[in-house]
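See structure below.
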Amino acid sequence: MRSPAYSLVFPAYNEEPRITATLDRVLEFLKRERWDAEVLVVNDGSRDNTAAIVAAVSQRDPRVRLLENPGNRGKGYSVRHGMLRARGEIVLFSDADLSSPIEEAAKLVAALEAGAEVAIGSRWLRPELMTERQPLLKCGWCWD
């Protein structure tokens with residue numbers, strides 16, 4: 001089987017309300033940019049219809065693949081699972097809500113093609129791009 005140039009990995013947990021719109025937007029981007037790519041959605045034990053929706057889309061579009069975690073293992077596990085199963089020469093991941101717009105992926109690819117070993121996008125560089133206010137601390141630590 002021929003490997004695609006790009007793999008896009010999306011960890012997903014209970015994304016039923018938005019996964020259809022996300023996949024539509026990603027697939028339209030791939031078409032518009034003429035990217036040879038696969039889209040991997042890693043279902044992290046969702047309790048809603050996320051997996052069924054992705055499976056239905058994959059039936060219509062072979063670029064979409066559904067990967068299943070053995071239960072709810074978390075975002076890190078899901079990203080790793082998708083990265084290890086990706087077939088693309090360049091592998092990117094983003095959240096299923098597209099909080100980092102798919103249209104920004106071209107900037108990451110450009111950096112990699114220019115010789116970077118790793119490219120990381122950050123909304124913190126341009127705060128006006130943030131669609132939702134981010135908490136100062138995004139961790140599980142608690143101080144009294």
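In the structure tokens, chains take the letters A, B, ... in the order shown, each chain's residues start at 1, and ligands count up from 1 in the order shown.
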Next item on the list: Tell me which protein, DNA and RNA residues are within 9 Å of Glu15 (chain A), counting only C-alpha atoms, leaving out same-chain ones fewer than 3 positions away, and put them as a PyMOL selection string.
Entry: chain A and resi 12+18-20+46+48-50+96-97
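Residues in contact with Arg34 (chain A) at up to 12 Å, not including ones fewer than 5 positions away on its chain and judged by only C-alpha atoms, are Pro4, Ala5, Tyr6, Val26, Leu27, Glu28, Phe29 and Ala106 of chain A.
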Check: Between A:Ser78, A:Asn14, A:Thr22, A:Asn43, which one has atoms that come closest to Pro101 (chain A), using only C-alpha atoms?
Finding: A:Thr22
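Of the residues in region 6-133 of chain A, those given strand (DSSP E or B) by DSSP on the backbone are Tyr6, Ser7, Leu8, Val9, Phe10, Pro11, Ala12, Ala37, Glu38, Val39, Leu40, Val41, Val42, Asn43, Val64, Arg65, Leu66, Leu67, Glu68, Ile90, Val91, Leu92 and Phe93 of chain A.
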Notebook entry, point to check: Looking at A:His81, A:Arg87, A:Arg32, A:Arg73, which one is nearest to Arg2 (chain A), with distances taken over only C-alpha atoms?
Noted result: A:Arg87
Next item on the list: Mind giving me the straight-line distance from CA of Gly71 (chain A) to CA of Val54 (chain A) in Å, one decimal?
Entry: 16.8 Å
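Minimum atom-to-atom distances from A:Ala114, A:Ala55, A:Leu30, A:Leu23 to Glu68 (chain A) were compared using only C-alpha atoms, and the lowest value belongs to A:Ala55.
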Next item on the list: Show which residues sit within 12 Å of Glu89 (chain A), as a ChimeraX atom specification. Count only C-alpha atoms, and ignore same-chain residues fewer than 5 positions away.
Entry: /A:2-8,36-38,83,109,112-113
Margin query: Using Å and a single decimal, report how far CA of Ile53 (chain A) sits from CA of Pro70 (chain A).
Written below: 18.4 Å
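Counting only C-alpha atoms and comparing A:Ala51, A:Val39, A:Ala21, A:Leu84, the residue that lies closest to Arg63 (chain A) is A:Val39.
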Next item on the list: For CA of Asp95 (chain A) and CA of Ala111 (chain A), quote the distance in Å rounded to one decimal.
Entry: 20.2 Å
